[in-house]
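*Asks:* So I've got this file, upload.cif, and it contains mmCIF, C-alpha atoms and all ligand atoms:
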```
data_final
loop_
_atom_site.label_atom_id
_atom_site.label_comp_id
_atom_site.auth_asym_id
_atom_site.auth_seq_id
_atom_site.Cartn_x
_atom_site.Cartn_y
_atom_site.Cartn_z
CA MET A 113 -9.76 -2.67 12.65
CA LEU A 114 -7.61 -5.74 13.21
CA LYS A 115 -6.61 -6.61 16.74
CA LEU A 116 -3.27 -7.94 17.85
CA ASN A 117 -3.25 -10.54 20.59
CA ARG A 118 0.17 -9.37 21.64
CA GLU A 119 2.28 -6.42 20.54
CA ARG A 120 5.56 -7.25 18.86
CA GLY A 121 8.49 -4.95 18.35
CA ALA A 122 9.71 -4.02 14.91
CA GLU A 123 11.67 -6.78 13.25
CA PRO A 124 13.82 -6.58 10.17
CA SER A 125 11.95 -7.25 6.99
CA GLY A 126 13.27 -9.35 4.16
CA GLY A 127 12.12 -10.91 0.94
CA ARG A 128 8.96 -12.31 2.38
CA PHE A 129 7.06 -12.16 -0.89
CA SER A 130 10.02 -11.86 -3.18
CA THR A 131 13.61 -12.98 -3.64
CA SER A 132 14.27 -9.40 -4.80
CA VAL A 133 14.88 -7.67 -1.44
CA PRO A 134 12.06 -5.07 -1.22
CA LEU A 135 13.93 -1.92 -0.16
CA TYR A 136 10.66 0.07 -0.26
CA ALA A 137 9.32 -2.03 2.67
CA ASP A 138 11.85 -0.54 5.11
CA ASP A 139 12.18 2.87 3.53
CA SER A 140 9.35 4.14 1.34
CA TYR A 141 11.28 7.42 0.86
CA LEU A 142 14.18 5.71 -0.94
CA ARG A 143 14.29 7.17 -4.47
CA GLU A 144 17.59 5.75 -5.77
CA PHE A 145 19.45 2.50 -5.17
CA ASP A 146 22.19 0.21 -6.51
CA ALA A 147 21.44 -3.37 -7.51
CA ARG A 148 22.51 -6.25 -9.72
CA VAL A 149 20.56 -7.98 -12.50
CA VAL A 150 20.03 -11.60 -11.39
CA ARG A 151 17.82 -12.60 -14.33
CA ALA A 152 17.32 -11.05 -17.75
CA GLY A 153 14.73 -11.92 -20.38
CA PRO A 154 13.02 -10.30 -23.37
CA GLY A 155 11.88 -6.92 -22.09
CA PHE A 156 12.41 -7.59 -18.38
CA VAL A 157 14.97 -7.93 -15.61
CA VAL A 158 14.85 -9.27 -12.05
CA LEU A 159 17.11 -7.41 -9.60
CA ASP A 160 18.64 -8.72 -6.35
CA ARG A 161 17.13 -5.71 -4.52
CA THR A 162 14.72 -3.02 -5.56
CA ALA A 163 13.08 0.22 -4.45
CA PHE A 164 10.49 -0.12 -7.25
CA TYR A 165 7.12 -1.03 -5.77
CA PRO A 166 5.44 -3.86 -7.72
CA GLU A 167 1.74 -3.43 -8.47
CA SER A 168 -0.19 -4.91 -5.56
CA GLY A 169 -3.08 -4.33 -3.17
CA GLY A 170 -4.71 -1.57 -5.22
CA GLN A 171 -1.48 0.44 -5.39
CA PRO A 172 -0.03 0.76 -8.92
CA SER A 173 3.60 -0.08 -9.67
CA ASP A 174 6.37 2.48 -9.80
CA THR A 175 8.00 3.62 -13.01
CA GLY A 176 11.47 5.13 -13.46
CA ARG A 177 14.80 4.19 -14.95
CA LEU A 178 17.85 1.94 -14.59
CA ARG A 179 21.35 3.17 -15.47
CA HIS A 180 24.15 0.79 -16.40
CA GLY A 181 27.37 2.67 -17.12
CA SER A 182 26.43 5.28 -19.70
CA ARG A 183 23.28 3.44 -20.80
CA MET A 184 19.83 4.22 -19.48
CA VAL A 185 16.65 2.13 -19.82
CA GLY A 186 13.15 3.06 -18.72
CA VAL A 187 11.21 0.96 -16.21
CA LEU A 188 7.62 0.88 -17.49
CA LYS A 189 5.98 -1.42 -14.96
CA VAL A 190 6.93 -3.76 -12.12
CA LEU A 191 4.98 -6.93 -11.34
CA ARG A 192 5.50 -9.57 -8.71
CA ARG A 193 5.62 -13.00 -10.30
CA GLY A 194 6.04 -15.87 -7.87
CA ALA A 195 9.03 -15.02 -5.73
CA ASP A 196 10.46 -12.30 -7.97
CA ALA A 197 9.79 -8.66 -8.86
CA PHE A 198 9.85 -8.38 -12.67
CA HIS A 199 10.92 -4.96 -13.97
CA TYR A 200 9.59 -4.42 -17.51
CA ILE A 201 12.05 -2.23 -19.40
CA ASP A 202 12.22 -0.47 -22.77
CA GLY A 203 15.72 -1.77 -23.54
CA ALA A 204 18.02 -4.68 -22.74
CA LEU A 205 20.36 -5.40 -19.81
CA GLN A 206 22.63 -8.40 -19.29
CA GLU A 207 22.49 -10.78 -16.37
CA GLY A 208 25.09 -9.74 -13.78
CA ALA A 209 25.00 -6.06 -14.78
CA ALA A 210 25.34 -3.52 -11.96
CA VAL A 211 22.56 -0.94 -12.22
CA HIS A 212 21.55 2.28 -10.51
CA GLY A 213 17.78 2.61 -10.19
CA VAL A 214 15.83 5.86 -9.92
CA ILE A 215 12.09 5.85 -9.33
CA ASP A 216 9.69 8.54 -10.60
CA TRP A 217 9.32 10.23 -7.25
CA ASP A 218 6.43 12.65 -7.89
CA LYS A 219 4.21 9.80 -9.03
CA ARG A 220 5.26 7.53 -6.13
CA PHE A 221 4.77 10.23 -3.49
CA LEU A 222 1.26 10.96 -4.77
CA ASN A 223 0.51 7.21 -4.65
CA MET A 224 1.83 7.08 -1.05
CA ARG A 225 -0.41 10.00 -0.04
CA ARG A 226 -3.48 8.50 -1.70
CA HIS A 227 -2.83 5.01 -0.37
CA SER A 228 -2.32 6.34 3.18
CA ALA A 229 -5.58 8.28 2.76
CA GLU A 230 -7.23 4.97 1.83
CA HIS A 231 -6.07 3.52 5.20
CA LEU A 232 -7.31 6.54 7.15
CA LEU A 233 -10.68 6.55 5.37
CA SER A 234 -11.09 2.78 5.90
CA GLY A 235 -10.62 3.27 9.65
CA LEU A 236 -12.98 6.25 9.78
CA PHE A 237 -15.73 4.49 7.81
CA GLU A 238 -15.40 1.44 10.06
CA ARG A 239 -15.87 3.75 13.05
CA ALA A 240 -18.90 5.32 11.28
CA GLU A 241 -20.34 1.79 10.87
CA ALA A 242 -20.49 2.05 7.10
CA GLY A 243 -20.76 -1.74 6.88
CA PRO A 244 -18.36 -4.26 5.34
CA LYS A 245 -15.90 -2.82 2.81
CA THR A 246 -15.73 -4.87 -0.38
CA TYR A 247 -13.04 -2.97 -2.28
CA SER A 248 -10.77 0.06 -2.10
CA ASP A 249 -8.02 1.72 -4.10
CA LEU A 250 -6.39 5.14 -4.47
CA THR A 251 -9.61 6.93 -5.44
CA ARG A 252 -12.56 4.89 -4.11
CA LEU A 253 -13.94 2.70 -1.33
CA GLU A 254 -16.88 0.33 -1.88
CA PHE A 255 -19.23 -0.98 0.79
CA LYS A 256 -22.00 -3.55 0.84
CA PRO A 257 -25.49 -2.05 0.75
CA SER A 258 -25.87 -0.09 4.01
CA ASP A 259 -27.52 2.99 5.41
CA LEU A 260 -24.39 5.08 4.91
CA THR A 261 -25.74 8.62 4.79
CA GLU A 262 -24.48 11.99 3.62
CA ASP A 263 -24.37 13.05 7.33
CA ARG A 264 -21.96 10.25 8.21
CA LEU A 265 -19.90 11.08 5.15
CA ARG A 266 -19.46 14.63 6.44
CA GLN A 267 -18.45 13.23 9.88
CA VAL A 268 -15.81 11.10 8.19
CA GLU A 269 -14.57 14.12 6.24
CA GLU A 270 -14.28 16.12 9.46
CA GLY A 271 -12.47 13.24 11.22
CA PHE A 272 -10.10 12.91 8.27
CA ASN A 273 -9.11 16.55 8.28
CA GLU A 274 -8.68 16.46 12.11
CA ALA A 275 -6.29 13.50 11.77
CA VAL A 276 -4.33 15.35 9.08
CA GLU A 277 -4.15 18.40 11.34
CA ALA A 278 -2.91 16.24 14.27
CA ASP A 279 -0.04 14.90 12.07
CA ILE A 280 -0.07 11.37 13.55
CA LEU A 281 2.96 9.13 12.92
CA ILE A 282 2.17 6.07 10.75
CA ARG A 283 3.84 2.97 12.24
CA THR A 284 5.00 -0.23 10.57
CA HIS A 285 5.83 -3.40 12.47
CA TYR A 286 5.81 -7.16 12.00
CA THR A 287 3.61 -9.62 13.81
CA ALA A 288 3.31 -13.40 13.76
CA ARG A 289 0.36 -14.62 11.72
CA GLU A 290 -1.03 -16.73 14.56
CA GLU A 291 -1.12 -13.67 16.83
CA LEU A 292 -3.50 -11.80 14.57
CA ASP A 293 -7.14 -11.85 15.61
CA VAL A 294 -9.51 -10.68 12.89
CA GLY A 295 -12.58 -11.72 14.88
CA GLY A 296 -15.59 -12.63 12.77
CA ASP A 297 -14.68 -10.40 9.81
CA GLU A 298 -15.08 -12.80 6.87
CA ARG A 299 -13.39 -10.50 4.36
CA LYS A 300 -10.28 -10.19 6.53
CA ARG A 301 -10.29 -13.95 7.18
CA ALA A 302 -10.45 -14.58 3.42
CA PHE A 303 -7.64 -12.08 2.90
CA LEU A 304 -5.44 -13.86 5.46
CA ARG A 305 -6.13 -17.23 3.82
CA LYS A 306 -4.80 -15.88 0.51
CA ILE A 307 -1.37 -15.11 2.01
CA PRO A 308 1.00 -17.96 1.07
CA ARG A 309 1.49 -20.52 3.86
CA GLY A 310 5.24 -19.98 4.11
CA ILE A 311 4.74 -16.41 5.25
CA ASP A 312 4.36 -16.33 9.00
CA MET A 313 5.43 -12.77 9.78
CA LEU A 314 2.94 -10.14 8.61
CA ARG A 315 3.75 -6.49 7.96
CA MET A 316 1.28 -4.40 9.90
CA VAL A 317 0.63 -0.74 9.17
CA GLU A 318 -0.96 1.33 11.92
CA ILE A 319 -2.39 4.83 12.11
CA PRO A 320 -2.73 4.80 15.90
CA GLY A 321 -6.33 5.34 16.97
CA TYR A 322 -7.63 4.98 13.41
CA ASP A 323 -6.51 1.92 11.47
CA LEU A 324 -4.41 -1.22 11.85
CA THR A 325 -4.06 -3.58 8.93
CA PHE A 326 -1.81 -6.06 7.14
CA CYS A 327 -0.26 -4.23 4.18
CA LEU A 328 2.82 -4.40 1.93
CA GLY A 329 2.24 -1.01 0.32
CA THR A 330 4.14 2.26 0.66
CA HIS A 331 2.92 4.95 3.06
CA VAL A 332 3.81 8.48 4.09
CA ARG A 333 5.51 9.09 7.49
CA SER A 334 2.61 10.86 9.12
CA THR A 335 -0.97 11.89 8.44
CA GLY A 336 0.07 15.52 7.93
CA GLU A 337 1.78 14.51 4.68
CA ILE A 338 -1.47 13.08 3.29
CA GLY A 339 -3.01 16.54 3.14
CA ARG A 340 -6.66 17.50 3.33
CA LEU A 341 -9.49 16.02 1.29
CA ALA A 342 -10.52 18.02 -1.77
CA GLU A 343 -13.63 15.89 -2.40
CA LEU A 344 -15.50 13.09 -0.67
CA GLU A 345 -18.54 11.95 -2.59
CA LEU A 346 -21.13 9.21 -2.06
CA VAL A 347 -22.49 7.54 -5.21
CA LYS A 348 -24.56 4.46 -5.96
CA GLY A 349 -22.70 1.36 -7.12
CA LYS A 350 -23.84 -1.87 -8.72
CA LYS A 351 -26.23 -4.12 -6.75
CA GLY A 352 -26.97 -1.43 -4.18
CA ARG A 353 -23.33 -1.00 -3.19
CA ARG A 354 -22.31 2.28 -1.60
CA VAL A 355 -19.34 3.83 -3.35
CA VAL A 356 -17.25 6.66 -1.89
CA LEU A 357 -15.00 8.63 -4.24
CA PHE A 358 -12.18 10.74 -2.85
CA THR A 359 -9.53 13.16 -4.06
CA LEU A 360 -6.84 15.02 -2.11
CA ASP A 361 -5.92 18.70 -2.24
ZN ZN B 1 -1.09 0.16 3.02
#
```
The structure given in the file should be rewritten as structure tokens.
*Replies:*
Amino acid sequence: MLKLNRERGAEPSGGRFSTSVPLYADDSYLREFDARVVRAGPGFVVLDRTAFYPESGGQPSDTGRLRHGSRMVGVLKVLRRGADAFHYIDGALQEGAAVHGVIDWDKRFLNMRRHSAEHLLSGLFERAEAGPKTYSDLTRLEFKPSDLTEDRLRQVEEGFNEAVEADILIRTHYTAREELDVGGDERKRAFLRKIPRGIDMLRMVEIPGYDLTFCLGTHVRSTGEIGRLAELELVKGKKGRRVVLFTLD
């Protein structure tokens, strides 16, 4: 778990990674929004603000649609390119057009549940001393070779379902980069180094008592919304890695 040298209150977010104001950063439950096309190209548009989450950090991009007057185009994928969020569409829209965006909510909400589960599991496996995590996404966590046993896996499963039962609020706040102390964790140090220099306020996501980490993803409001685990399985990965697969109810 990351440690903060000093707690900071919540501060307004902004386009820290993107000139397209990321509405999903302040409200991950926003399903519809109004925006303007600030750049249009073959098969894509950039909007001045967006609730569409661009693919990042193991969380896939949103899909949905954009309405302009009586016309409707599908949003197939959203990628962050440099400072902008590129919305890849199956039609054409002009620069300056006012649009109403609607995201595919069922898909997004499932992603939010799975991604929040990934946070909770990361914290629980750290507590179970599973060893350094090398990768994680919405269905798996990978660890360096370690003595992670089936017994510890069952402990983690129990801890997970307890946290879901306790319905703990998931908090988001911003902290200055220099106030973050990742200790000797080389993976977290490397991760911090990859964040562009201009970004000095980091968005921290905390499941109090379980996990605290820098993250730009979308999360559910509380652990109760994640739901219980359906499966938690330990398998062998390449080069002796320990791989944990998970699915939710
Ligand atoms: Zn996250």
*Asks:* Just want the 9 Å neighbourhood of Glu345 (chain A), counted on only C-alpha atoms, with same-chain residues fewer than 3 positions away dropped. Output as a ChimeraX atom specification.
*Replies:* /A:262,265,355-358
*Asks:* Would you mind listing the residues within 7 Å of ligand ZN 1 (chain B), counting only C-alpha atoms and all ligand atoms, as an MDAnalysis selection string?
*Replies:* chainID A and resid 227:228 231 317 327:331
*Asks:* What gap, in Å, lies between CA of Glu274 (chain A) and CA of Leu222 (chain A)?
*Replies:*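 We find that CA of Glu274 (chain A) and CA of Leu222 (chain A) lie 20.3 Å from each other.
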*Asks:* Of the residues A:Gly310, A:Gly349, A:Pro134, A:Gly153, which is the one nearest to Pro257 (chain A), using all atoms listed in the file?
*Replies:*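 Selected residue with least distance to Pro257 (chain A): A:Gly349.
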*Asks:* With a distance cut-off of 12 Å and only C-alpha atoms, select the neighbouring residues of Pro244 (chain A), excluding the residue or stretch itself and same-chain residues fewer than 2 positions from it, and output the selection as a ChimeraX atom specification.
*Replies:* /A:113,234-235,237-242,246-248,253-260,296-300,353-355
*Asks:* Find the residues around Leu360 (chain A) up to 7 Å (all atoms listed in the file counted), leave out those fewer than 5 positions away in its own chain, and share them as a PyMOL selection string.
*Replies:* chain A and resi 339-343
*Asks:* At a cut-off of 12 Å around the point (3.8, 3.9, 11.7) (file coordinates), what residues fall inside when counting only C-alpha atoms? I'd like the answer as number ranges by chain.
*Replies:* A: 122, 138-140, 228, 231, 279-286, 315-325, 327, 330-335
*Asks:* Using all atoms listed in the file, which of A:Leu232, A:Leu188, A:Val149, A:Leu314 sits nearest Leu205 (chain A)?
*Replies:* A:Val149
*Asks:* By how many Å are CA of Phe145 (chain A) and CA of Gly208 (chain A) apart?
*Replies:* 16.0 Å
*Asks:* Output region 183-194 of chain A as a compact mmCIF listing (two decimals), in the coordinates of the input, making sure all heavy atoms are there.
*Replies:*
```txt
# COMPACT_ATOMS: atom_id res chain seq x y z
N ARG A 183 24.57 3.78 -20.20
CA ARG A 183 23.28 3.44 -20.80
C ARG A 183 22.14 3.62 -19.81
O ARG A 183 22.29 3.39 -18.62
CB ARG A 183 23.29 1.98 -21.27
CG ARG A 183 24.21 1.77 -22.47
CD ARG A 183 24.10 0.35 -22.97
NE ARG A 183 22.70 -0.01 -23.14
CZ ARG A 183 22.21 -1.18 -22.76
NH1 ARG A 183 22.96 -2.08 -22.18
NH2 ARG A 183 20.94 -1.44 -22.96
N MET A 184 21.01 4.00 -20.33
CA MET A 184 19.83 4.22 -19.48
C MET A 184 18.64 3.50 -20.11
O MET A 184 18.39 3.65 -21.31
CB MET A 184 19.56 5.73 -19.42
CG MET A 184 18.51 6.13 -18.45
SD MET A 184 19.17 6.29 -16.79
CE MET A 184 19.66 8.01 -16.83
N VAL A 185 17.90 2.71 -19.31
CA VAL A 185 16.65 2.13 -19.82
C VAL A 185 15.50 2.56 -18.91
O VAL A 185 15.70 2.78 -17.71
CB VAL A 185 16.70 0.57 -19.90
CG1 VAL A 185 17.79 0.10 -20.84
CG2 VAL A 185 16.87 -0.05 -18.53
N GLY A 186 14.33 2.67 -19.49
CA GLY A 186 13.15 3.06 -18.72
C GLY A 186 12.52 1.84 -18.06
O GLY A 186 12.53 0.74 -18.64
N VAL A 187 11.99 2.01 -16.86
CA VAL A 187 11.21 0.96 -16.21
C VAL A 187 9.74 1.35 -16.37
O VAL A 187 9.30 2.39 -15.88
CB VAL A 187 11.57 0.83 -14.70
CG1 VAL A 187 10.67 -0.19 -14.02
CG2 VAL A 187 13.03 0.45 -14.54
N LEU A 188 8.99 0.54 -17.12
CA LEU A 188 7.62 0.88 -17.49
C LEU A 188 6.60 0.37 -16.49
O LEU A 188 5.55 0.97 -16.29
CB LEU A 188 7.31 0.30 -18.87
CG LEU A 188 8.37 0.59 -19.96
CD1 LEU A 188 8.06 -0.18 -21.23
CD2 LEU A 188 8.46 2.09 -20.23
N LYS A 189 6.93 -0.76 -15.86
CA LYS A 189 5.98 -1.42 -14.96
C LYS A 189 6.75 -2.46 -14.15
O LYS A 189 7.72 -3.03 -14.65
CB LYS A 189 4.91 -2.12 -15.81
CG LYS A 189 3.66 -2.49 -15.07
CD LYS A 189 2.68 -3.14 -16.05
CE LYS A 189 1.37 -3.44 -15.40
NZ LYS A 189 0.40 -2.41 -15.29
N VAL A 190 6.31 -2.72 -12.94
CA VAL A 190 6.93 -3.76 -12.12
C VAL A 190 5.83 -4.66 -11.58
O VAL A 190 4.84 -4.18 -11.01
CB VAL A 190 7.75 -3.16 -10.94
CG1 VAL A 190 8.47 -4.27 -10.17
CG2 VAL A 190 8.77 -2.14 -11.46
N LEU A 191 5.99 -5.96 -11.81
CA LEU A 191 4.98 -6.93 -11.34
C LEU A 191 5.66 -8.01 -10.52
O LEU A 191 6.77 -8.42 -10.84
CB LEU A 191 4.26 -7.59 -12.52
CG LEU A 191 3.42 -6.69 -13.42
CD1 LEU A 191 2.86 -7.51 -14.60
CD2 LEU A 191 2.27 -6.07 -12.64
N ARG A 192 4.98 -8.47 -9.50
CA ARG A 192 5.50 -9.57 -8.71
C ARG A 192 5.03 -10.87 -9.36
O ARG A 192 3.83 -11.06 -9.59
CB ARG A 192 4.95 -9.46 -7.29
CG ARG A 192 5.62 -10.39 -6.31
CD ARG A 192 5.00 -10.27 -4.95
NE ARG A 192 5.39 -9.05 -4.27
CZ ARG A 192 4.54 -8.20 -3.72
NH1 ARG A 192 3.26 -8.40 -3.80
NH2 ARG A 192 4.97 -7.13 -3.10
N ARG A 193 5.98 -11.70 -9.72
CA ARG A 193 5.62 -13.00 -10.30
C ARG A 193 6.29 -14.08 -9.48
O ARG A 193 7.51 -14.18 -9.47
CB ARG A 193 6.09 -13.10 -11.76
CG ARG A 193 5.36 -12.15 -12.69
CD ARG A 193 5.53 -12.57 -14.14
NE ARG A 193 4.93 -11.60 -15.03
CZ ARG A 193 3.61 -11.50 -15.25
NH1 ARG A 193 2.78 -12.32 -14.65
NH2 ARG A 193 3.15 -10.57 -16.07
N GLY A 194 5.49 -14.87 -8.78
CA GLY A 194 6.04 -15.87 -7.87
C GLY A 194 6.89 -15.16 -6.84
O GLY A 194 6.44 -14.23 -6.18
```
